[in-house]
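Q: Pasting a structure here, questions to come.
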Amino acid sequence: MAEENKVSLHGFFASPYVRRVELALKFKGIPYEYVEEDLKNKSSLLLKYNPVHKKVPVLVHNGKPIVESLVILEYIDETWKNGPQFLPEDPYKRAQIRFWASFVHQQVFQNMVLILKTDGEAQEKAVKEVSEKLSLLEEGIKSIFPEGIPIIDQENVGLLDIVIVSTFSSYKALKEVLGLELIDLEKTSPLLFSRLKALLELPVVEGALPPHEKVVGALKFMRQNALNSASV
Amino acid sequence: MAEVKLHGRWYSPFLYRVIWALKLKGISYEYIEEDLSNKSPLLLQYNPVHKKIPVLVHSGKPICESMIIIEYIEEKWPQTPLLPSDPYERAKARFWVKFVEEKAPAFWSLYRSTGEEQKKALKDSSETLKIVEEQGLGEKKFFGGDSIGIVDIAFGAIAHWFGVFEEIVEVKVLEAHAFPRLHAWKVNFEEVPVIKENLPDRDKMLDYFKKRRIESLSASQ
């Protein structure tokens, strides 16, 4: 019985994808062992658990690996019925949440990464893309909550909230690394911004995010690497 | 009974994913063909974010993105389940769905490109197929086991569309000797009655994509 409900998470501290899974586990109150991976020297366990992508996060539950952050989130939601339900019961609302979570994951975040990793024209293009996507997201949030967004607390946090906070929590660090604010989140996306602020104040979230300086360091490193390899 | 409408484009594998799911579950729907060069106001209203098909409209409410539509169909109409009931098996299925979503663009750029770009598309397509061959299918007849499921549906483009692209650019990638499991899967998949009876005409597709290739290549000059 010692193996029952043994949960471990392979991750990298600066990864928003890993952050999502950690938040999900913490919101549900699921005890887990965290394994920090050195992405330049991946453990043999990681390669065994994720042979296709060789990436983090990997959730291991009773020896069985689950990969892809959004897939892991749904797995956690289906396996542990205690704590907040990340997806609502209604199939239509579930479809809406999945759509916008996927939108943030693919359309918004990928362009935010480009903002970090490029400069000049390429960066300008990425900034424009993110601005456009954020406007769409703002409309999307309104459509999900036509009667207004409910007050957030640790019992009603959802899948989209987890994706939002893991994606945007580093916006202050990003601003510091770039030396300027390329996108004024508060001005362009007031609903998103106020939701993000409320989420960042939750004790679980505060406890799960890495220290600001550490994030700044990681982002600076990523930017330098990307710019150096681009100019080669 | 609440009405189901499906907006699509006759040659789209994304559309067919949804058609297969609806047919497997015995759900009747009204099909609306969209002209993507002249998008209807209704399509733009239903899918303002991506302006793409397929869009499923159920009781007036639109759902977009083929695999999200299929999860919706699965939840609304549980008969003939397309997903396993065990959460771990579901997670594995969803992994492969995400995998093909991520890798599919290479298949598409195959028919659209030449030279270096095409070489890359070929290489990427081949690598993707190799991963699926070695790690995706195992010894099962279908990804879903003895009968087709959500992963088979997601991979449907490899069964019917990839061969058309191979023919247009005159290369053969998905050959039985190189990909025995995947090749067997393709044959079995296309024999499933619901699939067999719901495929776009291959010759029509060949003509259409050949034309699109010419247009796309001359536009990029």
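Letters A, B, ... go to the chains of the structure tokens in the order shown; residues in each chain start at 1; ligands are counted from 1 in the same order.
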Which residues, written as a PyMOL selection string, have at least one atom at most 12 Å from Lys204 (chain B), with only C-alpha atoms counted and residues fewer than 3 positions away on the same chain left out?
A: chain B and resi 10-11+161+164+199-201+207-211
Q: For the selection you just gave me, I'd like the residues written to a file as a short mmCIF file (atom, residue, chain, number, x, y, z; two decimals), in the first residue's frame, keeping all heavy atoms.
A:
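To be explicit, this is the file written out as selection_33.cif:
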```
data_model
loop_
_atom_site.label_atom_id
_atom_site.label_comp_id
_atom_site.auth_asym_id
_atom_site.auth_seq_id
_atom_site.Cartn_x
_atom_site.Cartn_y
_atom_site.Cartn_z
N TRP B 10 -15.34 20.85 -47.90
CA TRP B 10 -15.39 19.45 -48.33
C TRP B 10 -14.08 18.68 -48.27
O TRP B 10 -14.07 17.46 -48.13
CB TRP B 10 -15.98 19.35 -49.75
CG TRP B 10 -15.09 19.94 -50.81
CD1 TRP B 10 -15.10 21.23 -51.27
CD2 TRP B 10 -14.07 19.27 -51.55
NE1 TRP B 10 -14.14 21.41 -52.23
CE2 TRP B 10 -13.50 20.22 -52.43
CE3 TRP B 10 -13.57 17.97 -51.56
CZ2 TRP B 10 -12.46 19.90 -53.30
CZ3 TRP B 10 -12.54 17.65 -52.43
CH2 TRP B 10 -11.99 18.61 -53.28
N TYR B 11 -12.93 19.37 -48.37
CA TYR B 11 -11.65 18.65 -48.46
C TYR B 11 -10.90 18.63 -47.12
O TYR B 11 -9.78 18.15 -47.03
CB TYR B 11 -10.74 19.30 -49.50
CG TYR B 11 -10.54 20.78 -49.29
CD1 TYR B 11 -9.73 21.27 -48.27
CD2 TYR B 11 -11.21 21.70 -50.09
CE1 TYR B 11 -9.59 22.61 -48.06
CE2 TYR B 11 -11.07 23.06 -49.88
CZ TYR B 11 -10.26 23.51 -48.87
OH TYR B 11 -10.13 24.85 -48.67
N TRP B 161 -5.38 11.67 -46.41
CA TRP B 161 -4.86 12.88 -47.04
C TRP B 161 -3.39 12.81 -47.37
O TRP B 161 -2.96 13.31 -48.40
CB TRP B 161 -5.11 14.08 -46.11
CG TRP B 161 -6.51 14.61 -46.17
CD1 TRP B 161 -6.93 15.73 -46.83
CD2 TRP B 161 -7.68 14.06 -45.57
NE1 TRP B 161 -8.29 15.90 -46.66
CE2 TRP B 161 -8.77 14.90 -45.90
CE3 TRP B 161 -7.92 12.92 -44.79
CZ2 TRP B 161 -10.08 14.64 -45.45
CZ3 TRP B 161 -9.21 12.66 -44.35
CH2 TRP B 161 -10.27 13.52 -44.70
N VAL B 164 -2.45 11.54 -50.74
CA VAL B 164 -2.72 12.52 -51.81
C VAL B 164 -1.54 13.48 -51.95
O VAL B 164 -1.07 13.75 -53.06
CB VAL B 164 -4.02 13.29 -51.51
CG1 VAL B 164 -4.20 14.45 -52.49
CG2 VAL B 164 -5.22 12.36 -51.58
N LEU B 199 -15.64 9.82 -46.67
CA LEU B 199 -14.34 10.33 -47.08
C LEU B 199 -14.55 11.21 -48.31
O LEU B 199 -15.39 10.91 -49.14
CB LEU B 199 -13.39 9.19 -47.46
CG LEU B 199 -12.79 8.36 -46.33
CD1 LEU B 199 -12.05 7.15 -46.89
CD2 LEU B 199 -11.84 9.21 -45.49
N PRO B 200 -13.79 12.30 -48.43
CA PRO B 200 -13.94 13.10 -49.65
C PRO B 200 -13.38 12.32 -50.85
O PRO B 200 -12.48 11.49 -50.67
CB PRO B 200 -13.09 14.34 -49.37
CG PRO B 200 -12.14 13.95 -48.32
CD PRO B 200 -12.75 12.83 -47.54
N ASP B 201 -13.92 12.58 -52.01
CA ASP B 201 -13.48 11.89 -53.22
C ASP B 201 -11.99 12.13 -53.46
O ASP B 201 -11.53 13.28 -53.52
CB ASP B 201 -14.32 12.41 -54.40
CG ASP B 201 -13.96 11.70 -55.67
OD1 ASP B 201 -14.55 10.64 -55.94
OD2 ASP B 201 -13.07 12.20 -56.39
N ASP B 207 -7.06 16.75 -57.61
CA ASP B 207 -7.19 17.93 -58.47
C ASP B 207 -7.11 19.22 -57.67
O ASP B 207 -6.38 20.15 -58.03
CB ASP B 207 -8.56 17.93 -59.18
CG ASP B 207 -8.54 17.02 -60.39
OD1 ASP B 207 -7.44 16.71 -60.88
OD2 ASP B 207 -9.63 16.61 -60.83
N TYR B 208 -7.88 19.25 -56.59
CA TYR B 208 -7.96 20.46 -55.80
C TYR B 208 -6.60 20.84 -55.21
O TYR B 208 -6.15 21.98 -55.33
CB TYR B 208 -9.00 20.32 -54.68
CG TYR B 208 -9.01 21.51 -53.77
CD1 TYR B 208 -9.64 22.70 -54.14
CD2 TYR B 208 -8.32 21.49 -52.55
CE1 TYR B 208 -9.59 23.82 -53.34
CE2 TYR B 208 -8.29 22.61 -51.74
CZ TYR B 208 -8.92 23.77 -52.14
OH TYR B 208 -8.86 24.87 -51.34
N PHE B 209 -5.92 19.86 -54.58
CA PHE B 209 -4.65 20.20 -53.94
C PHE B 209 -3.54 20.47 -54.95
O PHE B 209 -2.63 21.26 -54.68
CB PHE B 209 -4.25 19.12 -52.92
CG PHE B 209 -5.02 19.22 -51.63
CD1 PHE B 209 -5.95 18.26 -51.27
CD2 PHE B 209 -4.83 20.31 -50.78
CE1 PHE B 209 -6.67 18.37 -50.08
CE2 PHE B 209 -5.55 20.43 -49.60
CZ PHE B 209 -6.48 19.47 -49.26
N LYS B 210 -3.64 19.84 -56.12
CA LYS B 210 -2.65 20.15 -57.18
C LYS B 210 -2.78 21.61 -57.54
O LYS B 210 -1.79 22.34 -57.66
CB LYS B 210 -2.94 19.29 -58.42
CG LYS B 210 -2.17 18.02 -58.49
CD LYS B 210 -2.33 17.34 -59.86
CE LYS B 210 -1.65 15.98 -59.85
NZ LYS B 210 -2.28 15.01 -60.73
N LYS B 211 -4.03 22.04 -57.73
CA LYS B 211 -4.31 23.42 -58.10
C LYS B 211 -3.81 24.36 -57.01
O LYS B 211 -3.15 25.38 -57.29
CB LYS B 211 -5.83 23.60 -58.29
CG LYS B 211 -6.22 24.49 -59.45
CD LYS B 211 -7.73 24.57 -59.62
CE LYS B 211 -8.33 25.60 -58.67
NZ LYS B 211 -9.80 25.56 -58.63
#
```
Q: Report the closest atom pair, with its distance in Å rounded to one decimal, for each residue of chain B that has an atom no farther than 9 Å from chain A; count only C-alpha atoms, sort by chain and then rising residue number, and write it as CSV.
A:
```
residue,atom,partner,partner_atom,distance
B:Pro48,CA,A:Leu136,CA,8.6
B:Val49,CA,A:Leu136,CA,6.7
B:Lys61,CA,A:Tyr92,CA,8.1
B:Pro62,CA,A:Tyr92,CA,8.9
B:Ile63,CA,A:Ala95,CA,6.9
B:Cys64,CA,A:Phe99,CA,7.5
B:Glu65,CA,A:Phe99,CA,7.5
B:Ile68,CA,A:Ala95,CA,6.1
B:Ile69,CA,A:Ala95,CA,7.3
B:Glu71,CA,A:Ala95,CA,7.6
B:Tyr72,CA,A:Pro91,CA,5.8
B:Ile73,CA,A:Pro91,CA,8.5
B:Glu75,CA,A:Pro91,CA,6.1
B:Lys76,CA,A:Pro91,CA,6.6
B:Pro87,CA,A:Tyr75,CA,5.9
B:Tyr88,CA,A:Tyr75,CA,7.0
B:Arg90,CA,A:Tyr75,CA,7.8
B:Ala91,CA,A:Val71,CA,5.9
B:Lys92,CA,A:Ile66,CA,7.2
B:Arg94,CA,A:Val71,CA,6.4
B:Phe95,CA,A:Val71,CA,6.7
B:Lys98,CA,A:Glu68,CA,8.1
B:Ile131,CA,A:Val52,CA,7.1
B:Gln135,CA,A:Val52,CA,7.9
```
Q: Excluding region 19-26 of chain A and its own-chain neighbours fewer than 2 positions away, which residues fall within 7 Å of it when counting only C-alpha atoms? Please give them as a list in words.
A: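 Once the adjacent positions are removed, what remains is Ser15, Pro16, Tyr17, Lys28, Gly29, Ile30, Ser69, Ile72, Leu73, Ile162, Val163, Ser166, Val204, Val205 and Ala208 of chain A.
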Q: Could those selected residues go to a file with all heavy atoms, as a compact mmCIF listing (two decimals), in the first residue's frame?
A:
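Output file selection_18.txt is given in full below:
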```txt
# COMPACT_ATOMS: atom_id res chain seq x y z
N SER A 15 9.88 27.01 -15.69
CA SER A 15 8.92 26.65 -16.74
C SER A 15 7.47 26.92 -16.33
O SER A 15 7.00 26.36 -15.33
CB SER A 15 9.07 25.18 -17.10
OG SER A 15 7.91 24.71 -17.75
N PRO A 16 6.76 27.73 -17.10
CA PRO A 16 5.35 27.98 -16.80
C PRO A 16 4.51 26.71 -16.94
O PRO A 16 3.48 26.57 -16.27
CB PRO A 16 4.91 29.01 -17.84
CG PRO A 16 6.14 29.48 -18.50
CD PRO A 16 7.20 28.47 -18.28
N TYR A 17 4.95 25.79 -17.79
CA TYR A 17 4.20 24.55 -17.97
C TYR A 17 4.27 23.72 -16.69
O TYR A 17 3.28 23.13 -16.27
CB TYR A 17 4.78 23.73 -19.13
CG TYR A 17 4.84 24.47 -20.45
CD1 TYR A 17 6.05 24.75 -21.06
CD2 TYR A 17 3.68 24.90 -21.08
CE1 TYR A 17 6.11 25.42 -22.27
CE2 TYR A 17 3.72 25.59 -22.28
CZ TYR A 17 4.94 25.84 -22.87
OH TYR A 17 4.99 26.51 -24.06
N LYS A 28 -5.33 21.19 -5.16
CA LYS A 28 -6.07 19.98 -4.76
C LYS A 28 -5.53 19.39 -3.46
O LYS A 28 -6.06 18.41 -2.96
CB LYS A 28 -5.97 18.92 -5.87
CG LYS A 28 -6.71 19.26 -7.14
CD LYS A 28 -8.05 18.56 -7.21
CE LYS A 28 -8.63 18.66 -8.60
NZ LYS A 28 -10.04 18.27 -8.65
N GLY A 29 -4.44 19.96 -2.95
CA GLY A 29 -3.85 19.45 -1.72
C GLY A 29 -3.24 18.07 -1.88
O GLY A 29 -3.28 17.25 -0.96
N ILE A 30 -2.68 17.79 -3.05
CA ILE A 30 -2.08 16.48 -3.32
C ILE A 30 -0.60 16.51 -2.97
O ILE A 30 0.16 17.30 -3.53
CB ILE A 30 -2.24 16.10 -4.82
CG1 ILE A 30 -3.72 16.06 -5.21
CG2 ILE A 30 -1.58 14.75 -5.12
CD1 ILE A 30 -3.94 16.13 -6.70
N SER A 69 1.31 19.58 -20.28
CA SER A 69 0.73 20.25 -19.10
C SER A 69 -0.80 20.27 -19.08
O SER A 69 -1.40 19.97 -18.04
CB SER A 69 1.27 21.68 -18.95
OG SER A 69 0.90 22.49 -20.04
N ILE A 72 -2.08 16.85 -18.33
CA ILE A 72 -1.86 16.55 -16.91
C ILE A 72 -2.93 17.21 -16.04
O ILE A 72 -3.47 16.59 -15.12
CB ILE A 72 -0.46 17.01 -16.45
CG1 ILE A 72 0.64 16.27 -17.21
CG2 ILE A 72 -0.29 16.80 -14.95
CD1 ILE A 72 2.05 16.80 -16.95
N LEU A 73 -3.26 18.46 -16.35
CA LEU A 73 -4.28 19.18 -15.58
C LEU A 73 -5.61 18.44 -15.62
O LEU A 73 -6.29 18.28 -14.61
CB LEU A 73 -4.44 20.61 -16.13
CG LEU A 73 -3.84 21.74 -15.30
CD1 LEU A 73 -2.43 21.46 -14.82
CD2 LEU A 73 -3.85 23.05 -16.08
N ILE A 162 -5.54 28.66 -13.85
CA ILE A 162 -4.21 28.07 -13.68
C ILE A 162 -3.34 28.41 -14.88
O ILE A 162 -2.16 28.76 -14.73
CB ILE A 162 -4.31 26.54 -13.48
CG1 ILE A 162 -5.01 26.24 -12.15
CG2 ILE A 162 -2.92 25.91 -13.49
CD1 ILE A 162 -5.30 24.76 -11.93
N VAL A 163 -3.90 28.33 -16.08
CA VAL A 163 -3.13 28.66 -17.28
C VAL A 163 -2.77 30.15 -17.29
O VAL A 163 -1.64 30.52 -17.60
CB VAL A 163 -3.92 28.28 -18.56
CG1 VAL A 163 -3.22 28.80 -19.81
CG2 VAL A 163 -4.07 26.77 -18.64
N SER A 166 -0.02 30.91 -14.59
CA SER A 166 1.29 30.34 -14.92
C SER A 166 1.90 31.05 -16.13
O SER A 166 3.11 31.15 -16.24
CB SER A 166 1.17 28.84 -15.19
OG SER A 166 0.28 28.60 -16.25
N VAL A 204 -1.84 29.88 -2.00
CA VAL A 204 -1.27 28.74 -2.75
C VAL A 204 -0.38 29.25 -3.88
O VAL A 204 0.70 28.73 -4.12
CB VAL A 204 -2.40 27.84 -3.32
CG1 VAL A 204 -1.86 26.93 -4.41
CG2 VAL A 204 -3.03 27.01 -2.22
N VAL A 205 -0.85 30.28 -4.58
CA VAL A 205 -0.09 30.81 -5.71
C VAL A 205 1.18 31.50 -5.22
O VAL A 205 2.27 31.26 -5.73
CB VAL A 205 -0.95 31.78 -6.55
CG1 VAL A 205 -0.13 32.39 -7.68
CG2 VAL A 205 -2.16 31.06 -7.11
N ALA A 208 3.74 29.08 -4.47
CA ALA A 208 4.21 28.22 -5.56
C ALA A 208 5.14 28.92 -6.54
O ALA A 208 5.87 28.27 -7.27
CB ALA A 208 3.02 27.64 -6.32
```
Q: Measuring between only C-alpha atoms, which one of A:Ile149, A:Ile141, A:Glu155, A:His10 shows the shortest distance to Ser44 (chain A)?
A: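 Result for the nearest residue to Ser44 (chain A): A:His10.
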Q: Using DSSP on the backbone coordinates, identify the residues of region 36-167 of chain A assigned to alpha helix (DSSP H); present them as JSON, numbers by chain.
A: {"A": [44, 45, 46, 47, 48, 49, 69, 70, 71, 72, 73, 74, 75, 76, 77, 78, 79, 91, 92, 93, 94, 95, 96, 97, 98, 99, 100, 101, 102, 103, 109, 110, 111, 112, 113, 114, 115, 116, 117, 120, 121, 122, 123, 124, 125, 126, 127, 128, 129, 130, 131, 132, 133, 134, 135, 136, 137, 138, 139, 140, 141, 142, 143, 144, 159, 160, 161, 162, 163, 164, 165, 166, 167]}
Q: Report as a list in words all protein, DNA and RNA residues lying within 9 Å of Phe107 (chain B), evaluated on only C-alpha atoms, omitting residues in the same chain fewer than 4 positions from it.
A: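 Listing them by chain and then by number gives Lys103, Tyr111, Ala121, Leu122, Asp124, Ser125, Ile158, Phe162 and Phe165 of chain B.
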Q: For Phe168 (chain A), please output as number ranges by chain all residues within 12 Å (counting only C-alpha atoms; exclusion window: fewer than 4 positions along the same chain).
A: A: 15-17, 19-20, 104-105, 108-109, 112-113, 130, 134, 160-164, 172-175, 183, 185-186, 189, 192-197, 199-200, 209
Q: Could you name the residues that touch Ala21 (chain B) at 10 Å or less, counting only C-alpha atoms, but leaving out those on the same chain fewer than 6 positions away, as a count of residues only?
A: 14
Q: Do a neighbour search on Val215 (chain A) at 7 Å with only C-alpha atoms, toss out local chain neighbours closer than 4 positions, and write the hits as a list in words.
A: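 Near neighbours after the sequence-gap exclusion: Ala14, Ala173, Pro210, Pro211 and Leu219 of chain A.
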Q: Using the selection just defined, write its residues with N, CA, C and O atoms as a short mmCIF file (atom, residue, chain, number, x, y, z; two decimals), in the first residue's frame.
A:
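Below is the file part27.cif, written as the result:
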```cif
data_model
loop_
_atom_site.label_atom_id
_atom_site.label_comp_id
_atom_site.auth_asym_id
_atom_site.auth_seq_id
_atom_site.Cartn_x
_atom_site.Cartn_y
_atom_site.Cartn_z
N ALA A 14 11.80 27.40 -13.83
CA ALA A 14 11.36 28.58 -14.57
C ALA A 14 10.26 28.27 -15.60
O ALA A 14 9.79 29.16 -16.28
N ALA A 173 8.78 40.30 -14.29
CA ALA A 173 10.16 39.89 -14.54
C ALA A 173 10.54 40.17 -15.99
O ALA A 173 11.64 40.63 -16.29
N PRO A 210 8.31 30.93 -8.03
CA PRO A 210 9.70 31.12 -7.66
C PRO A 210 9.97 32.59 -7.36
O PRO A 210 9.24 33.45 -7.85
N PRO A 211 11.01 32.90 -6.59
CA PRO A 211 11.32 34.29 -6.27
C PRO A 211 11.57 35.12 -7.53
O PRO A 211 12.16 34.62 -8.51
N LEU A 219 15.12 34.33 -17.19
CA LEU A 219 14.67 34.99 -18.43
C LEU A 219 15.83 35.70 -19.12
O LEU A 219 15.94 35.66 -20.35
#
```
Q: Which one of A:Glu213, A:Gln110, A:Gly63, A:Pro190 sits closest to Tyr49 (chain A) if you count only C-alpha atoms?
A: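 Ranking A:Glu213, A:Gln110, A:Gly63, A:Pro190 by distance to Tyr49 (chain A), first place goes to A:Gly63.
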